[in-house]
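What follows is a set of notes on a single structure, which appears directly below.
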Amino acid sequence: MPGFLRPLTRAVTYTRWLHLLMGSAVAWSCAAIYPGLSRPAFGDWVLLPLLPVPLVVAAAMVPAMRRAEGLQARMMLFPGAHTRVADGGAEDPGISVAPSASWRDRGRTAVWLVLRLEAGCAMSLATVHLFGLALAMLGTTEAAPWDDGPVRHVAALGWAGAPLSLLPVAVELVLIVVGGRLMARAARRLLGPSPAERLAALEERTEQLLERNRIARELHDSIGHALTVAVVQAGAAKAAGDPEFTDRALDAVVETGRAALEDLERVLRVLREDGRPASGRPTLTDAERLLDSARASGAKVDVAVAGPLERLPGPVSREGYRMLQEALTNVLRHCGPVPVRLGITVDETRLVMDVRNALTGVSGATAGGGSGLRGIRERAALLGGRATTGPYEGEWRVRVELPLG
């Protein structure tokens, strides 16, 4: 099918036409009262699109009018599932369906309603007179509608003149296609989101992306820690060949796996958004289970805590737990069961965590930092703090500083 005929196969072309015709309904209703529709004069045609202007401007001052026009424009001016688009794919309408929140919104709505009124009057008159002209040329009617109106009497050409009578129809179809596209563009400009709505949508999108990144980091930290402990414990039990040690190793694997499953279930409940409250995320007051897991894997962990952990702000304590989890996982994954020194200091303004372990050739190879260490730095930056990772005085060091306010 030629490209210029393709718009005629799209349902949205005709819903746009209907939308244009509906815009003139107020004008025709007013004209029925004054100046009347019985044999109108030329001046009456001029008054037809002008008299309702104050009425539609007043209607635009009602905040809900913007929502009503936005919904109608979305449904009738843009392709979608409801229009059965022949060439596939739906456009993004970019039309707001929120009520007017400012005088600027009301002004844009008023301009839209006046434009719709004038365009609707023009389209309805063109439709009636062009189709009437085609019928008059065929001789199926004595004269075009409103003989004293814009279209005068045309001599009937009969069926022999049928090809010529298609010219007004073709002109009407062009007006329908072009007028519909122009109205769709105007709708995007006049009914599109205001700057405040765009900013709110951007903030909502940013929050969604941040939440997804947070969930991805939590899954990485929790599941990665559990798998690391399981691998280390299984390898140590196999090498030891001691039934008692194997039992302890299996107990550690079970406990770590159970905690990871709890974290996974909580995250899945958040993703499903089923309305049920998710269990609380672990905080630094729960760090003992991380230390027990590392010790069960063979690492010797010395801990020094200064300051009240229970008084830490929730976000700081929760993120601190995850950063400590990743730091211990990094030790077990790259160095194995080596001695670890952990220092946690809480004062009036900040939380400081310092994790150190013996620097081996394997850990040195990771000095560039994997996704886990990068995640520690990202978590710290989001809270306004900083994290440093790398060799320090012959040891591998992860140091985190987080502000409390």
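Ligands are numbered from 1 in the order shown, residues from 1 within each chain, and chains are lettered A, B, ... in the order they appear in the structure tokens.
Around Leu359 (chain A), within 10 Å and counting only C-alpha atoms, the residues found are Val331, His334, Cys335, Val338, Ser363, Gly364, Gly390, Pro391, Tyr392, Glu393, Gly394, Glu395, Trp396 and Arg397 of chain A, once anything fewer than 4 positions away on its own chain is removed.
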How would the residues just picked look written out with N, CA, C and O atoms as a PDB file, in the first residue's frame?
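The result, stored in again-v8.pdb:
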```
ATOM      1  N   VAL A 331      37.081 -10.788  52.732  1.00  0.00           N
ATOM      2  CA  VAL A 331      38.203 -11.460  53.399  1.00  0.00           C
ATOM      3  C   VAL A 331      38.135 -12.969  53.158  1.00  0.00           C
ATOM      4  O   VAL A 331      39.129 -13.602  52.763  1.00  0.00           O
ATOM      5  N   HIS A 334      38.749 -13.998  49.291  1.00  0.00           N
ATOM      6  CA  HIS A 334      40.057 -13.801  48.665  1.00  0.00           C
ATOM      7  C   HIS A 334      41.237 -14.225  49.541  1.00  0.00           C
ATOM      8  O   HIS A 334      42.321 -14.461  49.007  1.00  0.00           O
ATOM      9  N   CYS A 335      41.032 -14.294  50.850  1.00  0.00           N
ATOM     10  CA  CYS A 335      42.152 -14.630  51.733  1.00  0.00           C
ATOM     11  C   CYS A 335      41.929 -15.906  52.526  1.00  0.00           C
ATOM     12  O   CYS A 335      42.877 -16.469  53.082  1.00  0.00           O
ATOM     13  N   VAL A 338      41.714 -16.091  57.690  1.00  0.00           N
ATOM     14  CA  VAL A 338      42.879 -15.392  58.231  1.00  0.00           C
ATOM     15  C   VAL A 338      42.413 -14.518  59.395  1.00  0.00           C
ATOM     16  O   VAL A 338      41.219 -14.232  59.536  1.00  0.00           O
ATOM     17  N   SER A 363      44.630 -11.367  47.641  1.00  0.00           N
ATOM     18  CA  SER A 363      43.898 -10.137  47.912  1.00  0.00           C
ATOM     19  C   SER A 363      44.528  -8.957  47.219  1.00  0.00           C
ATOM     20  O   SER A 363      43.866  -8.029  46.823  1.00  0.00           O
ATOM     21  N   GLY A 364      45.860  -9.006  47.083  1.00  0.00           N
ATOM     22  CA  GLY A 364      46.498  -7.923  46.374  1.00  0.00           C
ATOM     23  C   GLY A 364      46.054  -7.829  44.939  1.00  0.00           C
ATOM     24  O   GLY A 364      45.996  -6.759  44.354  1.00  0.00           O
ATOM     25  N   GLY A 390      41.944  -0.941  50.275  1.00  0.00           N
ATOM     26  CA  GLY A 390      43.235  -1.200  49.655  1.00  0.00           C
ATOM     27  C   GLY A 390      44.295  -1.533  50.683  1.00  0.00           C
ATOM     28  O   GLY A 390      44.035  -1.562  51.910  1.00  0.00           O
ATOM     29  N   PRO A 391      45.507  -1.794  50.220  1.00  0.00           N
ATOM     30  CA  PRO A 391      46.605  -2.124  51.140  1.00  0.00           C
ATOM     31  C   PRO A 391      46.931  -0.940  52.044  1.00  0.00           C
ATOM     32  O   PRO A 391      46.907   0.217  51.625  1.00  0.00           O
ATOM     33  N   TYR A 392      47.274  -1.276  53.307  1.00  0.00           N
ATOM     34  CA  TYR A 392      47.624  -0.239  54.280  1.00  0.00           C
ATOM     35  C   TYR A 392      48.498  -0.866  55.361  1.00  0.00           C
ATOM     36  O   TYR A 392      48.058  -1.762  56.099  1.00  0.00           O
ATOM     37  N   GLU A 393      49.757  -0.411  55.430  1.00  0.00           N
ATOM     38  CA  GLU A 393      50.710  -0.882  56.441  1.00  0.00           C
ATOM     39  C   GLU A 393      50.796  -2.404  56.476  1.00  0.00           C
ATOM     40  O   GLU A 393      50.744  -3.038  57.532  1.00  0.00           O
ATOM     41  N   GLY A 394      50.928  -3.019  55.295  1.00  0.00           N
ATOM     42  CA  GLY A 394      51.121  -4.464  55.203  1.00  0.00           C
ATOM     43  C   GLY A 394      49.844  -5.270  55.371  1.00  0.00           C
ATOM     44  O   GLY A 394      49.917  -6.509  55.442  1.00  0.00           O
ATOM     45  N   GLU A 395      48.702  -4.629  55.453  1.00  0.00           N
ATOM     46  CA  GLU A 395      47.419  -5.334  55.597  1.00  0.00           C
ATOM     47  C   GLU A 395      46.448  -4.822  54.531  1.00  0.00           C
ATOM     48  O   GLU A 395      46.667  -3.794  53.913  1.00  0.00           O
ATOM     49  N   TRP A 396      45.380  -5.618  54.339  1.00  0.00           N
ATOM     50  CA  TRP A 396      44.268  -5.144  53.518  1.00  0.00           C
ATOM     51  C   TRP A 396      43.269  -4.445  54.441  1.00  0.00           C
ATOM     52  O   TRP A 396      42.870  -4.990  55.459  1.00  0.00           O
ATOM     53  N   ARG A 397      42.863  -3.240  54.046  1.00  0.00           N
ATOM     54  CA  ARG A 397      42.062  -2.417  54.942  1.00  0.00           C
ATOM     55  C   ARG A 397      40.804  -1.904  54.231  1.00  0.00           C
ATOM     56  O   ARG A 397      40.856  -1.461  53.084  1.00  0.00           O
TER      57      ARG A 397
END
```
Neighbour list for region 287-290 of chain A as a ChimeraX atom specification, cut-off 12 Å, only C-alpha atoms, skip fewer than 3 positions in-chain: /A:221-222,225-226,229,252,255-256,258-260,281-284,293-297,299,301-303,305,309-310,317-329,332,342,344
List the spatial neighbours of Arg74 (chain A) as a ChimeraX atom specification - criterion: any atom at most 8 Å away, only C-alpha atoms, same-chain residues fewer than 4 positions off excluded. /A:70,78,93,95
For N, CA, C and O atoms, I'd like the residues from the last selection saved as a CSV table (one decimal), in the first residue's frame.
```csv
chain,number,residue,atom,x,y,z
A,70,GLY,N,-7.4,15.9,29.2
A,70,GLY,CA,-6.2,15.1,29.0
A,70,GLY,C,-6.6,13.6,28.8
A,70,GLY,O,-6.0,12.9,27.9
A,78,PHE,N,-4.2,9.7,20.1
A,78,PHE,CA,-2.9,8.9,20.0
A,78,PHE,C,-3.2,7.4,19.9
A,78,PHE,O,-4.1,6.9,20.4
A,93,PRO,N,1.9,9.3,24.6
A,93,PRO,CA,1.1,10.5,24.4
A,93,PRO,C,1.8,11.7,25.0
A,93,PRO,O,1.7,12.9,24.5
A,95,ILE,N,0.8,13.3,27.6
A,95,ILE,CA,-0.4,14.1,28.0
A,95,ILE,C,-0.6,13.9,29.5
A,95,ILE,O,-0.7,12.8,30.0
```
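Within region 265-354 of chain A, residues classed as strand (DSSP E) by DSSP on backbone coordinates are Val301, Asp302, Val303, Ala304, Val305, Ala306, Val340, Arg341, Leu342, Gly343, Ile344, Thr345, Val346, Arg350, Leu351, Val352, Met353 and Asp354 of chain A.
Nearest residue to Pro339 (chain A) among A:Gly298, A:Gly307, A:Pro168, A:Gly235 is A:Gly298, counting only C-alpha atoms.
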Hey, what's within 10 Å of Glu378 (chain A) if we count only C-alpha atoms and toss same-chain stuff fewer than 6 positions away? As a PyMOL selection string, please? chain A and resi 217+372+384-387
Using only C-alpha atoms, determine which residues lie at most 7 Å from region 187-194 of chain A, disregarding the query and same-chain residues fewer than 3 positions distant; provide the list as a PDB file with N, CA and C atoms, in the first residue's frame.
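Okay, around_33.pdb is ready:
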```pdb
ATOM      1  N   GLY A  70      -7.370  15.917  29.198  1.00  0.00           N
ATOM      2  CA  GLY A  70      -6.205  15.060  29.045  1.00  0.00           C
ATOM      3  C   GLY A  70      -6.583  13.616  28.781  1.00  0.00           C
ATOM      4  N   GLY A  94       2.425  11.598  26.157  1.00  0.00           N
ATOM      5  CA  GLY A  94       2.993  12.768  26.820  1.00  0.00           C
ATOM      6  C   GLY A  94       1.940  13.764  27.243  1.00  0.00           C
ATOM      7  N   ILE A  95       0.763  13.255  27.648  1.00  0.00           N
ATOM      8  CA  ILE A  95      -0.358  14.106  28.039  1.00  0.00           C
ATOM      9  C   ILE A  95      -0.613  13.928  29.531  1.00  0.00           C
ATOM     10  N   SER A  96      -0.737  15.036  30.237  1.00  0.00           N
ATOM     11  CA  SER A  96      -0.999  14.988  31.672  1.00  0.00           C
ATOM     12  C   SER A  96      -2.480  14.719  31.926  1.00  0.00           C
ATOM     13  N   ARG A 108      -3.114  27.410  29.929  1.00  0.00           N
ATOM     14  CA  ARG A 108      -2.846  26.468  28.834  1.00  0.00           C
ATOM     15  C   ARG A 108      -4.107  25.674  28.490  1.00  0.00           C
ATOM     16  N   THR A 109      -4.886  25.324  29.505  1.00  0.00           N
ATOM     17  CA  THR A 109      -6.139  24.607  29.241  1.00  0.00           C
ATOM     18  C   THR A 109      -7.115  25.488  28.488  1.00  0.00           C
ATOM     19  N   TRP A 112      -6.124  25.616  24.920  1.00  0.00           N
ATOM     20  CA  TRP A 112      -6.477  24.341  24.282  1.00  0.00           C
ATOM     21  C   TRP A 112      -7.966  24.284  23.949  1.00  0.00           C
ATOM     22  N   MET A 183      -3.640  18.628  15.741  1.00  0.00           N
ATOM     23  CA  MET A 183      -4.270  18.660  17.063  1.00  0.00           C
ATOM     24  C   MET A 183      -3.500  17.802  18.062  1.00  0.00           C
ATOM     25  N   ALA A 184      -2.948  16.681  17.595  1.00  0.00           N
ATOM     26  CA  ALA A 184      -2.146  15.836  18.487  1.00  0.00           C
ATOM     27  C   ALA A 184      -0.898  16.584  18.954  1.00  0.00           C
ATOM     28  N   GLU A 197       5.135  18.941  37.242  1.00  0.00           N
ATOM     29  CA  GLU A 197       4.783  17.536  37.056  1.00  0.00           C
ATOM     30  C   GLU A 197       5.952  16.744  36.485  1.00  0.00           C
ATOM     31  N   ARG A 198       6.702  17.355  35.566  1.00  0.00           N
ATOM     32  CA  ARG A 198       7.885  16.681  35.017  1.00  0.00           C
ATOM     33  C   ARG A 198       8.919  16.433  36.111  1.00  0.00           C
TER      34      ARG A 198
END
```
Name the closest residue to Ala58 (chain A) among the candidates A:Gly375, A:Pro99, A:Gly107, A:Gly336; distances are taken between atoms, counting only C-alpha atoms. A:Gly107
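In this comparison, which uses only C-alpha atoms, the residue of A:Ser24, A:Gln233, A:Thr246, A:Thr15 approaching Gly120 (chain A) most closely is A:Ser24.
Comparing the minimum interatomic distances between Leu373 (chain A) and each of A:Ala240, A:Leu21, A:Val400, A:Ala306, counting only C-alpha atoms, we find that A:Val400 sits nearest.
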Determine, counting only C-alpha atoms, which protein, DNA and RNA residues have an atom within 12 Å of an atom of Leu125 (chain A); residues of the same chain fewer than 2 positions away are not included. Present the result as a ChimeraX atom specification. /A:20-21,24,27-28,45-46,48-49,118-123,127-133,145-146,149-151,172,175
Keeping only N, CA and C atoms, take the residues you just selected and write them out as a PDB file, in the first residue's frame.
```
ATOM      1  N   LEU A  20     -12.164  16.106  16.775  1.00  0.00           N
ATOM      2  CA  LEU A  20     -12.323  17.447  16.211  1.00  0.00           C
ATOM      3  C   LEU A  20     -13.791  17.833  16.104  1.00  0.00           C
ATOM      4  N   LEU A  21     -14.621  16.925  15.611  1.00  0.00           N
ATOM      5  CA  LEU A  21     -16.043  17.232  15.466  1.00  0.00           C
ATOM      6  C   LEU A  21     -16.695  17.500  16.818  1.00  0.00           C
ATOM      7  N   SER A  24     -16.766  21.067  18.334  1.00  0.00           N
ATOM      8  CA  SER A  24     -17.722  22.088  17.887  1.00  0.00           C
ATOM      9  C   SER A  24     -19.089  21.938  18.533  1.00  0.00           C
ATOM     10  N   ALA A  27     -20.359  25.043  20.224  1.00  0.00           N
ATOM     11  CA  ALA A  27     -20.700  26.108  19.278  1.00  0.00           C
ATOM     12  C   ALA A  27     -22.069  25.858  18.648  1.00  0.00           C
ATOM     13  N   TRP A  28     -22.330  24.645  18.249  1.00  0.00           N
ATOM     14  CA  TRP A  28     -23.625  24.338  17.630  1.00  0.00           C
ATOM     15  C   TRP A  28     -24.769  24.481  18.644  1.00  0.00           C
ATOM     16  N   TRP A  45     -22.459  32.771  10.430  1.00  0.00           N
ATOM     17  CA  TRP A  45     -21.336  31.819  10.385  1.00  0.00           C
ATOM     18  C   TRP A  45     -20.125  32.381  11.120  1.00  0.00           C
ATOM     19  N   VAL A  46     -19.959  33.696  11.080  1.00  0.00           N
ATOM     20  CA  VAL A  46     -18.841  34.317  11.800  1.00  0.00           C
ATOM     21  C   VAL A  46     -19.051  34.224  13.305  1.00  0.00           C
ATOM     22  N   LEU A  48     -20.683  31.937  14.882  1.00  0.00           N
ATOM     23  CA  LEU A  48     -20.713  30.541  15.339  1.00  0.00           C
ATOM     24  C   LEU A  48     -19.509  30.144  16.189  1.00  0.00           C
ATOM     25  N   PRO A  49     -18.265  30.400  15.758  1.00  0.00           N
ATOM     26  CA  PRO A  49     -17.109  29.990  16.584  1.00  0.00           C
ATOM     27  C   PRO A  49     -16.695  31.018  17.632  1.00  0.00           C
ATOM     28  N   GLU A 118     -12.388  26.259  17.855  1.00  0.00           N
ATOM     29  CA  GLU A 118     -12.245  26.826  16.517  1.00  0.00           C
ATOM     30  C   GLU A 118     -11.936  25.743  15.491  1.00  0.00           C
ATOM     31  N   ALA A 119     -11.021  24.827  15.838  1.00  0.00           N
ATOM     32  CA  ALA A 119     -10.691  23.751  14.899  1.00  0.00           C
ATOM     33  C   ALA A 119     -11.891  22.840  14.671  1.00  0.00           C
ATOM     34  N   GLY A 120     -12.672  22.609  15.727  1.00  0.00           N
ATOM     35  CA  GLY A 120     -13.858  21.767  15.584  1.00  0.00           C
ATOM     36  C   GLY A 120     -14.896  22.398  14.686  1.00  0.00           C
ATOM     37  N   CYS A 121     -15.095  23.712  14.830  1.00  0.00           N
ATOM     38  CA  CYS A 121     -16.058  24.402  13.959  1.00  0.00           C
ATOM     39  C   CYS A 121     -15.598  24.335  12.504  1.00  0.00           C
ATOM     40  N   ALA A 122     -14.296  24.581  12.286  1.00  0.00           N
ATOM     41  CA  ALA A 122     -13.784  24.545  10.916  1.00  0.00           C
ATOM     42  C   ALA A 122     -13.934  23.150  10.318  1.00  0.00           C
ATOM     43  N   MET A 123     -13.615  22.107  11.107  1.00  0.00           N
ATOM     44  CA  MET A 123     -13.704  20.748  10.585  1.00  0.00           C
ATOM     45  C   MET A 123     -15.145  20.339  10.336  1.00  0.00           C
ATOM     46  N   THR A 127     -16.502  19.356   6.731  1.00  0.00           N
ATOM     47  CA  THR A 127     -17.047  18.016   6.517  1.00  0.00           C
ATOM     48  C   THR A 127     -18.425  18.075   5.877  1.00  0.00           C
ATOM     49  N   VAL A 128     -19.292  18.896   6.448  1.00  0.00           N
ATOM     50  CA  VAL A 128     -20.655  18.976   5.935  1.00  0.00           C
ATOM     51  C   VAL A 128     -20.676  19.495   4.496  1.00  0.00           C
ATOM     52  N   HIS A 129     -19.936  20.561   4.230  1.00  0.00           N
ATOM     53  CA  HIS A 129     -20.020  21.188   2.922  1.00  0.00           C
ATOM     54  C   HIS A 129     -19.251  20.421   1.851  1.00  0.00           C
ATOM     55  N   LEU A 130     -18.124  19.812   2.194  1.00  0.00           N
ATOM     56  CA  LEU A 130     -17.392  19.045   1.188  1.00  0.00           C
ATOM     57  C   LEU A 130     -18.140  17.772   0.812  1.00  0.00           C
ATOM     58  N   PHE A 131     -18.657  17.061   1.805  1.00  0.00           N
ATOM     59  CA  PHE A 131     -19.445  15.880   1.474  1.00  0.00           C
ATOM     60  C   PHE A 131     -20.744  16.273   0.763  1.00  0.00           C
ATOM     61  N   GLY A 132     -21.354  17.397   1.201  1.00  0.00           N
ATOM     62  CA  GLY A 132     -22.547  17.875   0.512  1.00  0.00           C
ATOM     63  C   GLY A 132     -22.262  18.266  -0.929  1.00  0.00           C
ATOM     64  N   LEU A 133     -21.090  18.866  -1.156  1.00  0.00           N
ATOM     65  CA  LEU A 133     -20.686  19.227  -2.506  1.00  0.00           C
ATOM     66  C   LEU A 133     -20.528  17.998  -3.384  1.00  0.00           C
ATOM     67  N   PRO A 145     -25.795  21.605   1.042  1.00  0.00           N
ATOM     68  CA  PRO A 145     -26.455  22.103   2.255  1.00  0.00           C
ATOM     69  C   PRO A 145     -26.294  23.608   2.377  1.00  0.00           C
ATOM     70  N   TRP A 146     -27.343  24.246   2.919  1.00  0.00           N
ATOM     71  CA  TRP A 146     -27.341  25.690   3.150  1.00  0.00           C
ATOM     72  C   TRP A 146     -26.965  26.434   1.868  1.00  0.00           C
ATOM     73  N   GLY A 149     -25.252  29.519   2.130  1.00  0.00           N
ATOM     74  CA  GLY A 149     -24.068  29.503   2.981  1.00  0.00           C
ATOM     75  C   GLY A 149     -22.802  29.543   2.157  1.00  0.00           C
ATOM     76  N   PRO A 150     -21.701  29.058   2.742  1.00  0.00           N
ATOM     77  CA  PRO A 150     -20.408  29.122   2.066  1.00  0.00           C
ATOM     78  C   PRO A 150     -20.379  28.343   0.756  1.00  0.00           C
ATOM     79  N   VAL A 151     -21.170  27.261   0.623  1.00  0.00           N
ATOM     80  CA  VAL A 151     -21.157  26.456  -0.593  1.00  0.00           C
ATOM     81  C   VAL A 151     -22.433  26.729  -1.369  1.00  0.00           C
ATOM     82  N   GLU A 172     -11.389  16.423   1.867  1.00  0.00           N
ATOM     83  CA  GLU A 172     -11.832  16.176   3.234  1.00  0.00           C
ATOM     84  C   GLU A 172     -10.918  15.186   3.957  1.00  0.00           C
ATOM     85  N   LEU A 175      -7.799  16.904   4.976  1.00  0.00           N
ATOM     86  CA  LEU A 175      -8.049  17.738   6.141  1.00  0.00           C
ATOM     87  C   LEU A 175      -8.131  16.906   7.418  1.00  0.00           C
TER      88      LEU A 175
END
```
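Here CA of Arg66 (chain A) and CA of Ser100 (chain A) stand 5.9 Å from one another.
You will find CA of Val114 (chain A) at 9.1 Å from CA of Pro54 (chain A).
With only C-alpha atoms as the atoms that count, the residue of A:Ala239, A:Leu219, A:Ala380, A:Leu199 with the shortest distance to Leu264 (chain A) is A:Leu219.
Take the candidates A:Leu117, A:His19, A:Leu166, A:Pro7 and check each one against Leu50 (chain A) using only C-alpha atoms; the shortest distance goes to A:Leu117.
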Write out as a PDB file with N, CA and C atoms, in the first residue's frame the residues lying within 7 Å of Val398 (chain A), counting only C-alpha atoms and excluding same-chain residues fewer than 6 positions away.
```
ATOM      1  N   ALA A 327      32.631  -6.545  53.628  1.00  0.00           N
ATOM      2  CA  ALA A 327      34.054  -6.550  53.982  1.00  0.00           C
ATOM      3  C   ALA A 327      34.491  -7.928  54.468  1.00  0.00           C
ATOM      4  N   ASP A 354      36.531   0.005  60.774  1.00  0.00           N
ATOM      5  CA  ASP A 354      37.845  -0.292  60.237  1.00  0.00           C
ATOM      6  C   ASP A 354      38.042  -1.810  60.269  1.00  0.00           C
ATOM      7  N   VAL A 355      38.134  -2.423  59.094  1.00  0.00           N
ATOM      8  CA  VAL A 355      38.308  -3.872  58.974  1.00  0.00           C
ATOM      9  C   VAL A 355      39.666  -4.131  58.333  1.00  0.00           C
ATOM     10  N   ARG A 356      40.519  -4.921  59.042  1.00  0.00           N
ATOM     11  CA  ARG A 356      41.856  -5.218  58.526  1.00  0.00           C
ATOM     12  C   ARG A 356      42.103  -6.723  58.577  1.00  0.00           C
ATOM     13  N   THR A 388      37.317   3.842  52.023  1.00  0.00           N
ATOM     14  CA  THR A 388      38.591   3.589  51.352  1.00  0.00           C
ATOM     15  C   THR A 388      38.916   2.115  51.495  1.00  0.00           C
ATOM     16  N   THR A 389      39.399   1.522  50.411  1.00  0.00           N
ATOM     17  CA  THR A 389      39.764   0.108  50.417  1.00  0.00           C
ATOM     18  C   THR A 389      41.119  -0.045  49.742  1.00  0.00           C
ATOM     19  N   GLY A 390      41.944  -0.941  50.275  1.00  0.00           N
ATOM     20  CA  GLY A 390      43.235  -1.200  49.655  1.00  0.00           C
ATOM     21  C   GLY A 390      44.295  -1.533  50.683  1.00  0.00           C
TER      22      GLY A 390
END
```
